[in-house]
$ cat target_35.txt   # compact mmCIF, C-alpha atoms
# COMPACT_ATOMS: atom_id res chain seq x y z
CA MET A 8 62.85 58.08 -9.47
CA LYS A 9 61.42 61.08 -7.65
CA ILE A 10 59.94 63.99 -9.56
CA LYS A 11 58.32 67.22 -8.46
CA ILE A 12 54.59 67.25 -9.09
CA THR A 13 54.83 70.56 -10.95
CA GLU A 14 57.43 69.00 -13.26
CA LEU A 15 55.21 65.96 -13.76
CA GLU A 16 52.23 68.17 -14.62
CA ASN A 17 54.32 70.05 -17.16
CA LEU A 18 55.48 66.80 -18.74
CA ILE A 19 51.94 65.43 -19.01
CA THR A 20 50.69 68.69 -20.53
CA LYS A 21 53.59 68.82 -23.00
CA VAL A 22 52.85 65.28 -24.20
CA LEU A 23 49.12 65.93 -24.51
CA LEU A 24 49.59 69.15 -26.46
CA THR A 25 51.19 67.11 -29.26
CA GLN A 26 47.66 66.00 -30.18
CA TYR A 27 45.10 67.96 -28.13
CA SER A 28 43.93 71.54 -27.70
CA LYS A 29 44.79 73.36 -24.46
CA GLU A 30 41.28 72.81 -23.09
CA GLU A 31 41.28 69.10 -23.97
CA ALA A 32 44.81 68.64 -22.60
CA LYS A 33 43.80 70.22 -19.29
CA LEU A 34 40.83 67.85 -18.89
CA ILE A 35 42.86 64.74 -19.69
CA LYS A 36 45.84 65.86 -17.61
CA GLU A 37 43.72 66.00 -14.45
CA VAL A 38 42.63 62.37 -14.90
CA VAL A 39 46.15 61.11 -15.64
CA LEU A 40 47.62 63.06 -12.73
CA PHE A 41 45.00 61.74 -10.30
CA GLY A 42 45.84 58.17 -11.28
CA GLU A 43 49.55 58.70 -10.72
CA LEU A 44 49.24 60.68 -7.47
CA SER A 45 46.67 58.34 -5.92
CA GLY A 46 48.82 55.24 -6.18
CA ARG A 47 47.22 53.88 -9.34
CA PRO A 48 50.06 54.12 -11.85
CA SER A 49 48.19 51.77 -14.18
CA HIS A 50 45.82 54.72 -14.70
CA GLY A 51 48.57 57.35 -14.61
CA ILE A 52 51.41 58.35 -16.90
CA LEU A 53 51.60 54.80 -18.28
CA ARG A 54 48.60 55.86 -20.37
CA LEU A 55 50.77 58.39 -22.20
CA LEU A 56 52.44 55.47 -24.00
CA LYS A 57 50.53 54.74 -27.19
CA GLU A 58 50.43 50.95 -26.87
CA ASN A 59 48.69 50.98 -23.48
CA TYR A 60 45.12 51.89 -24.46
CA GLY A 61 45.69 55.37 -23.17
CA VAL A 62 45.30 58.96 -24.30
CA PHE A 63 46.35 58.64 -27.95
CA THR A 64 44.36 57.04 -30.74
CA ASP A 65 44.02 57.27 -34.51
CA THR A 66 40.26 56.58 -34.39
CA VAL A 67 39.06 60.19 -33.89
CA GLN A 68 36.23 61.13 -36.28
CA GLY A 69 35.63 64.62 -34.91
CA LYS A 70 34.66 66.40 -31.70
CA PRO A 71 32.35 64.52 -29.29
CA GLU A 72 28.68 65.26 -30.07
CA TYR A 73 25.72 65.58 -27.68
CA ILE A 74 23.26 63.61 -29.80
CA LYS A 75 20.23 63.07 -27.54
CA LYS A 76 18.92 65.25 -24.73
CA THR A 77 16.01 65.26 -22.32
CA ARG A 78 15.49 67.44 -19.28
CA VAL A 79 17.49 65.02 -17.11
CA SER A 80 19.66 63.06 -19.54
CA THR A 81 22.21 63.38 -22.32
CA LEU A 82 23.77 60.88 -24.69
CA ILE A 83 27.25 61.75 -25.95
CA ASP A 84 28.78 60.22 -29.08
CA GLY A 85 32.50 60.14 -28.40
CA LYS A 86 33.37 60.10 -32.11
CA GLY A 87 36.35 57.85 -31.52
CA ASN A 88 37.91 60.13 -28.90
CA VAL A 89 39.64 58.73 -25.82
CA GLY A 90 37.72 57.84 -22.68
CA MET A 91 39.56 60.33 -20.47
CA LEU A 92 38.30 63.20 -22.63
CA VAL A 93 34.77 61.87 -23.17
CA GLY A 94 34.51 60.88 -19.49
CA SER A 95 35.48 64.38 -18.39
CA LEU A 96 32.84 65.91 -20.65
CA ALA A 97 30.25 63.46 -19.31
CA MET A 98 31.22 64.38 -15.74
CA GLN A 99 30.70 68.08 -16.44
CA GLU A 100 27.34 67.38 -18.06
CA VAL A 101 26.01 65.14 -15.30
CA ILE A 102 26.94 67.69 -12.64
CA GLN A 103 25.03 70.36 -14.54
CA LEU A 104 21.96 68.13 -14.96
CA GLY A 105 22.06 66.88 -11.36
CA LYS A 106 22.28 70.37 -9.88
CA ALA A 107 19.57 71.76 -12.17
CA ASN A 108 17.05 68.93 -11.88
CA GLY A 109 18.00 66.83 -8.85
CA ILE A 110 18.86 63.95 -11.16
CA GLY A 111 21.15 63.56 -14.13
CA ILE A 112 22.01 60.61 -16.36
CA VAL A 113 24.69 60.88 -19.02
CA GLY A 114 25.51 58.02 -21.32
CA THR A 115 28.44 57.88 -23.70
CA LYS A 116 29.22 55.66 -26.64
CA GLY A 117 31.82 55.72 -29.36
CA SER A 118 34.78 56.47 -27.12
CA ILE A 119 37.95 54.41 -27.11
CA ASN A 120 40.53 53.52 -24.47
CA SER A 121 40.38 53.97 -20.71
CA THR A 122 38.37 56.61 -18.86
CA GLY A 123 41.07 56.49 -16.17
CA SER A 124 40.38 56.15 -12.46
CA LEU A 125 36.66 56.37 -11.71
CA SER A 126 37.55 57.66 -8.24
CA TYR A 127 38.58 60.92 -9.91
CA TYR A 128 35.11 61.47 -11.36
CA CYS A 129 33.34 60.29 -8.20
CA GLU A 130 35.20 62.74 -6.00
CA LYS A 131 34.54 65.65 -8.35
CA ILE A 132 30.81 64.91 -8.59
CA ALA A 133 30.36 64.18 -4.87
CA LYS A 134 32.07 67.47 -4.00
CA GLU A 135 29.17 69.13 -5.84
CA ASN A 136 26.85 67.56 -3.21
CA LEU A 137 25.60 64.93 -5.63
CA ILE A 138 25.42 61.18 -5.08
CA THR A 139 26.98 59.49 -8.09
CA VAL A 140 27.01 56.03 -9.64
CA ILE A 141 29.21 55.25 -12.64
CA PHE A 142 29.31 52.17 -14.87
CA THR A 143 32.17 51.80 -17.35
CA HIS A 144 32.67 49.38 -20.21
CA CYS A 145 35.55 48.51 -22.51
CA MET A 146 36.57 45.95 -25.13
CA PRO A 147 36.15 42.25 -24.23
CA MET A 148 38.70 41.35 -21.58
CA MET A 149 36.88 39.17 -19.03
CA ALA A 150 35.63 35.64 -19.52
CA PRO A 151 32.17 34.87 -18.08
CA PHE A 152 32.21 32.23 -15.36
CA SER A 153 33.55 28.88 -16.73
CA SER A 154 34.12 30.38 -20.22
CA LYS A 155 37.47 30.29 -22.05
CA LYS A 156 36.65 33.37 -24.14
CA ALA A 157 36.61 37.05 -23.18
CA LEU A 158 33.16 38.59 -23.69
CA PHE A 159 32.79 41.34 -21.08
CA GLY A 160 34.97 44.35 -20.40
CA THR A 161 36.79 44.65 -17.09
CA ASN A 162 33.61 46.64 -16.34
CA PRO A 163 34.27 48.74 -13.25
CA LEU A 164 31.53 50.44 -11.25
CA ALA A 165 31.92 53.25 -8.75
CA PHE A 166 29.98 55.31 -6.22
CA GLY A 167 30.62 58.77 -4.81
CA ILE A 168 28.82 59.86 -1.64
CA PRO A 169 28.84 63.44 -0.30
CA SER A 170 30.01 63.44 3.32
CA ILE A 171 31.94 65.40 5.93
CA PRO A 172 34.82 66.23 5.74
CA HIS A 173 35.24 64.67 2.29
CA PRO A 174 33.31 62.31 -0.02
CA ILE A 175 33.17 58.54 0.43
CA ILE A 176 34.24 56.73 -2.73
CA PHE A 177 33.85 53.11 -3.74
CA ASP A 178 35.52 52.12 -7.02
CA MET A 179 35.97 48.53 -8.12
CA SER A 180 36.57 46.54 -11.24
CA THR A 181 34.39 43.48 -11.70
CA SER A 182 37.51 41.86 -13.14
CA ALA A 183 40.17 40.24 -10.94
CA ILE A 184 42.73 42.55 -12.55
CA THR A 185 42.40 45.60 -14.78
CA PHE A 186 43.92 45.92 -18.23
CA GLY A 187 45.96 48.85 -16.94
CA ALA A 188 47.48 46.68 -14.22
CA ILE A 189 48.34 43.99 -16.76
CA ALA A 190 49.89 46.59 -19.07
CA LYS A 191 51.92 47.98 -16.17
CA LEU A 192 53.27 44.55 -15.19
CA LYS A 193 54.06 43.77 -18.82
CA ALA A 194 55.95 47.07 -19.21
CA GLU A 195 57.92 46.27 -16.04
CA GLY A 196 58.60 42.67 -17.07
CA LYS A 197 56.81 41.26 -14.04
CA GLU A 198 54.41 38.34 -13.52
CA LEU A 199 50.69 38.68 -12.80
CA PRO A 200 49.28 37.68 -9.41
CA PRO A 201 47.99 34.08 -9.35
CA ASP A 202 44.45 33.17 -10.43
CA VAL A 203 43.50 36.43 -12.16
CA ALA A 204 43.79 35.53 -15.86
CA ILE A 205 43.73 32.71 -18.40
CA ASP A 206 45.48 32.13 -21.72
CA THR A 207 43.74 31.38 -25.03
CA GLU A 208 43.37 27.72 -24.02
CA GLY A 209 41.61 28.58 -20.77
CA ASN A 210 44.59 27.78 -18.56
CA ILE A 211 45.52 29.99 -15.61
CA THR A 212 48.51 32.16 -16.56
CA ARG A 213 50.78 34.67 -14.87
CA ASP A 214 52.28 35.82 -18.17
CA ALA A 215 50.99 39.34 -18.97
CA SER A 216 51.31 38.86 -22.74
CA LYS A 217 49.33 35.60 -22.63
CA ALA A 218 46.70 37.23 -20.42
CA ILE A 219 46.22 40.04 -22.94
CA GLU A 220 45.66 37.44 -25.66
CA GLY A 221 43.44 35.38 -23.36
CA ALA A 222 41.11 36.81 -20.71
CA THR A 223 40.85 38.02 -17.16
CA LEU A 224 38.62 36.36 -14.58
CA ALA A 225 35.85 37.89 -12.47
CA PHE A 226 37.05 39.45 -9.20
CA ASP A 227 35.71 36.52 -7.16
CA ASN A 228 36.11 33.89 -9.90
CA SER A 229 32.46 32.94 -9.44
CA TYR A 230 29.07 33.35 -11.09
CA LYS A 231 28.36 36.33 -8.81
CA GLY A 232 31.24 38.43 -10.11
CA SER A 233 30.45 37.33 -13.65
CA GLY A 234 26.81 38.33 -13.19
CA LEU A 235 27.77 41.76 -11.88
CA ALA A 236 30.04 42.27 -14.90
CA MET A 237 27.11 41.38 -17.16
CA MET A 238 24.90 44.00 -15.50
CA VAL A 239 27.57 46.65 -16.11
CA GLU A 240 27.81 45.48 -19.74
CA ILE A 241 24.05 45.99 -20.14
CA LEU A 242 23.91 49.41 -18.47
CA ALA A 243 27.13 50.92 -19.83
CA ALA A 244 27.14 49.34 -23.30
CA VAL A 245 23.76 47.97 -24.39
CA TRP A 246 21.78 50.91 -22.97
CA THR A 247 24.04 53.57 -24.50
CA GLY A 248 24.32 51.95 -27.93
CA ALA A 249 27.99 51.03 -27.59
CA THR A 250 29.62 47.77 -28.61
CA PHE A 251 28.94 44.83 -26.30
CA ALA A 252 30.47 41.35 -26.02
CA GLY A 253 32.54 42.14 -29.09
CA VAL A 254 29.45 42.84 -31.24
CA ASN A 255 29.19 46.03 -33.35
CA LYS A 256 32.75 47.11 -32.60
CA GLU A 257 32.33 50.28 -34.65
CA ASP A 258 30.01 51.65 -31.91
CA GLY A 259 32.95 52.08 -29.51
CA TRP A 260 33.04 51.81 -25.73
CA GLY A 261 30.19 52.92 -23.47
CA ASN A 262 29.74 54.51 -20.05
CA VAL A 263 26.93 55.74 -17.82
CA TYR A 264 27.28 58.55 -15.29
CA MET A 265 24.42 59.13 -12.84
CA ALA A 266 24.05 61.94 -10.32
CA PHE A 267 21.33 62.37 -7.70
CA SER A 268 20.71 65.21 -5.27
CA PRO A 269 20.27 64.08 -1.64
CA ASP A 270 17.36 66.55 -1.63
CA LEU A 271 15.27 64.00 -3.55
CA LEU A 272 14.72 61.97 -0.37
CA SER A 273 16.30 64.07 2.37
CA ASP A 274 18.35 67.27 2.31
CA VAL A 275 22.05 67.75 1.64
CA ASP A 276 23.09 68.78 5.15
CA THR A 277 21.15 66.03 6.91
CA PHE A 278 22.41 63.41 4.47
CA LYS A 279 26.04 64.45 4.92
CA GLU A 280 25.73 64.60 8.70
CA LYS A 281 24.15 61.13 8.91
CA THR A 282 26.75 59.70 6.53
CA GLN A 283 29.43 61.17 8.79
CA GLN A 284 27.67 59.55 11.75
CA LEU A 285 27.71 56.19 9.95
CA VAL A 286 31.44 56.58 9.33
CA GLY A 287 31.97 57.30 13.02
CA VAL A 288 30.14 54.12 14.01
CA ILE A 289 32.21 52.09 11.54
CA LYS A 290 35.49 53.61 12.70
CA GLN A 291 34.70 52.91 16.37
CA THR A 292 33.74 49.29 15.78
CA PRO A 293 36.24 46.81 17.33
CA THR A 294 38.16 44.65 14.87
CA ARG A 295 39.72 41.21 15.12
CA ASP A 296 43.23 42.57 14.61
CA ASN A 297 42.76 45.78 16.65
CA THR A 298 43.16 48.04 13.62
CA THR A 299 40.72 50.72 12.50
CA ILE A 300 38.34 49.74 9.70
CA ARG A 301 39.40 51.38 6.45
CA LEU A 302 36.64 52.95 4.40
CA PRO A 303 36.24 52.30 0.67
CA GLY A 304 38.41 54.73 -1.30
CA GLU A 305 40.05 56.09 1.85
CA ASN A 306 43.55 54.95 0.94
CA THR A 307 43.28 56.32 -2.61
CA ILE A 308 42.50 59.84 -1.44
CA GLN A 309 44.99 59.73 1.44
CA VAL A 310 47.81 58.70 -0.91
CA ARG A 311 46.89 61.49 -3.32
CA ASP A 312 46.75 64.10 -0.55
CA LYS A 313 50.06 62.98 0.97
CA ASN A 314 51.79 63.23 -2.39
CA LEU A 315 50.33 66.68 -2.95
CA ALA A 316 51.55 67.76 0.49
CA LYS A 317 55.08 66.47 -0.26
CA GLY A 318 55.09 68.14 -3.65
CA GLU A 319 56.90 65.21 -5.23
CA ILE A 320 56.24 61.60 -6.17
CA GLU A 321 58.12 58.40 -6.97
CA ILE A 322 57.49 57.25 -10.55
CA ASN A 323 58.72 54.38 -12.71
CA ASP A 324 62.08 55.21 -14.33
CA THR A 325 61.46 53.14 -17.46
CA VAL A 326 58.04 54.64 -18.16
CA TYR A 327 59.36 58.16 -17.56
CA LYS A 328 62.26 57.68 -19.99
CA ARG A 329 60.00 56.26 -22.68
CA ILE A 330 57.62 59.22 -22.34
CA LYS A 331 60.49 61.68 -22.63
CA GLU A 332 61.81 59.84 -25.70
CA SER A 333 58.38 60.06 -27.36
CA LEU A 334 58.49 63.87 -27.44
$ encode --input "target_35.txt" --output "structure tokens"
Amino acid sequence: MKIKITELENLITKVLLTQYSKEEAKLIKEVVLFGELSGRPSHGILRLLKENYGVFTDTVQGKPEYIKKTRVSTLIDGKGNVGMLVGSLAMQEVIQLGKANGIGIVGTKGSINSTGSLSYYCEKIAKENLITVIFTHCMPMMAPFSSKKALFGTNPLAFGIPSIPHPIIFDMSTSAITFGAIAKLKAEGKELPPDVAIDTEGNITRDASKAIEGATLAFDNSYKGSGLAMMVEILAAVWTGATFAGVNKEDGWGNVYMAFSPDLLSDVDTFKEKTQQLVGVIKQTPTRDNTTIRLPGENTIQVRDKNLAKGEIEINDTVYKRIKESL
């Protein structure tokens, strides 16, 4: 079904206000809306449904606390709050640190559920003329190479690069499929793509329910993807004091947000101009199929901008009805 974006925003806000303050609802709404508008419905309004590791949880122990600070870093204890709220607070903090000191590192632990699309945070930070790198961790979902058991999270990593006319964004999961995508396919009664998940016996499965009980595979189904997932687990979870590989579950999920000023090694204007030059070279390079090379993150932002220009978006009827019924 088609819905006006203003109507969608109002619906998201109305749902969020059933549990959150106006300020918190506004922060979370922006993340949910970005996921839906940018063609990532697994990170959009689907997360308003309580069973989909989204924006509602009964684990909250209080407001997030800033428990350790240095001149260039902050550690936030999420206190059982959802990732979309804690991630938004971390984004605000890392921008402040990066702009004040040229470098900022913000770690979070103790959050729960998805941070949403990392492209959202990358774009926001890069628009402040800061280079950003983000590592995100969640509960065990991915099996290390050749293992039958999930030990790592889906463990995405993302980069945001200031450029002209808009930032360059690279956002990838180290898993072959995200939990959000599995949840979406399950909600729609559809099968998974082939070779992305295993059941509890280690057999390849296309059944979303069996995949949730079993594990996902690394994006390349090799030791390289598995190794990259392990590095994210160390940086986002071990370093921040969060749970890792299913150990110390009470410590919650972990994330690391890093921001660097181009001025550390160059200057902002020169960096953005040379990045734009690099993009020009890439775009002008001949391809085997005579199409233009697509930049990382380019489609995500283009889809979002086109939907904003139209003022309306196509959303899943079933998910919409269930959200309305939950009010």
$ closest_residue --input "target_35.txt" --among "A:Asn228, A:Asn262, A:Thr115, A:Thr161" --to "Met148 in chain A" --atoms "all atoms listed in the file"
A:Thr161
$ residues_around --input "target_35.txt" --residues "range 35-44 of chain A" --least-positions-apart "5" --cutoff "9 Å" --atoms "all atoms listed in the file" --output "PyMOL selection string"
chain A and resi 12+15-16+19-20+23+30+49-55+62+91-92+95+122-124+126-128+307+310-315+320+322
$ atom_distance --input "target_35.txt" --atom1 "CA of Asp274 in chain A" --atom2 "CA of Lys106 in chain A"
13.2 Å
$ closest_residue --input "target_35.txt" --among "A:Pro293, A:Leu199, A:Met146, A:Leu285" --to "Tyr60 in chain A" --atoms "all atoms listed in the file"
A:Met146
$ atom_distance --input "target_35.txt" --atom1 "CA of Glu198 in chain A" --atom2 "CA of Met8 in chain A"
21.8 Å
$ residues_around --input "target_35.txt" --residues "range 201-208 of chain A" --least-positions-apart "3" --cutoff "12 Å" --atoms "only C-alpha atoms" --output "mmCIF file with C-alpha atoms, in the coordinates of the input"
data_model
loop_
_atom_site.group_PDB
_atom_site.id
_atom_site.type_symbol
_atom_site.label_atom_id
_atom_site.label_comp_id
_atom_site.auth_asym_id
_atom_site.auth_seq_id
_atom_site.Cartn_x
_atom_site.Cartn_y
_atom_site.Cartn_z
ATOM 1 C CA MET A 148 38.700 41.350 -21.580
ATOM 2 C CA MET A 149 36.880 39.170 -19.030
ATOM 3 C CA ALA A 150 35.630 35.640 -19.520
ATOM 4 C CA PRO A 151 32.170 34.870 -18.080
ATOM 5 C CA PHE A 152 32.210 32.230 -15.360
ATOM 6 C CA SER A 153 33.550 28.880 -16.730
ATOM 7 C CA SER A 154 34.120 30.380 -20.220
ATOM 8 C CA LYS A 155 37.470 30.290 -22.050
ATOM 9 C CA LYS A 156 36.650 33.370 -24.140
ATOM 10 C CA ALA A 157 36.610 37.050 -23.180
ATOM 11 C CA THR A 161 36.790 44.650 -17.090
ATOM 12 C CA THR A 181 34.390 43.480 -11.700
ATOM 13 C CA SER A 182 37.510 41.860 -13.140
ATOM 14 C CA ALA A 183 40.170 40.240 -10.940
ATOM 15 C CA ILE A 184 42.730 42.550 -12.550
ATOM 16 C CA THR A 185 42.400 45.600 -14.780
ATOM 17 C CA PHE A 186 43.920 45.920 -18.230
ATOM 18 C CA ALA A 188 47.480 46.680 -14.220
ATOM 19 C CA ILE A 189 48.340 43.990 -16.760
ATOM 20 C CA GLU A 198 54.410 38.340 -13.520
ATOM 21 C CA ILE A 211 45.520 29.990 -15.610
ATOM 22 C CA THR A 212 48.510 32.160 -16.560
ATOM 23 C CA ARG A 213 50.780 34.670 -14.870
ATOM 24 C CA ASP A 214 52.280 35.820 -18.170
ATOM 25 C CA ALA A 215 50.990 39.340 -18.970
ATOM 26 C CA SER A 216 51.310 38.860 -22.740
ATOM 27 C CA LYS A 217 49.330 35.600 -22.630
ATOM 28 C CA ALA A 218 46.700 37.230 -20.420
ATOM 29 C CA ILE A 219 46.220 40.040 -22.940
ATOM 30 C CA GLU A 220 45.660 37.440 -25.660
ATOM 31 C CA GLY A 221 43.440 35.380 -23.360
ATOM 32 C CA ALA A 222 41.110 36.810 -20.710
ATOM 33 C CA THR A 223 40.850 38.020 -17.160
ATOM 34 C CA LEU A 224 38.620 36.360 -14.580
ATOM 35 C CA ALA A 225 35.850 37.890 -12.470
ATOM 36 C CA PHE A 226 37.050 39.450 -9.200
ATOM 37 C CA ASP A 227 35.710 36.520 -7.160
ATOM 38 C CA ASN A 228 36.110 33.890 -9.900
ATOM 39 C CA SER A 229 32.460 32.940 -9.440
#
$ closest_residue --input "target_35.txt" --among "A:Lys86, A:Arg301, A:Lys317, A:Lys279" --to "Leu137 in chain A" --atoms "only C-alpha atoms"
A:Lys279
$ closest_residue --input "target_35.txt" --among "A:Thr66, A:Ala32, A:Pro147, A:Ile141" --to "Val254 in chain A" --atoms "only C-alpha atoms"
A:Pro147
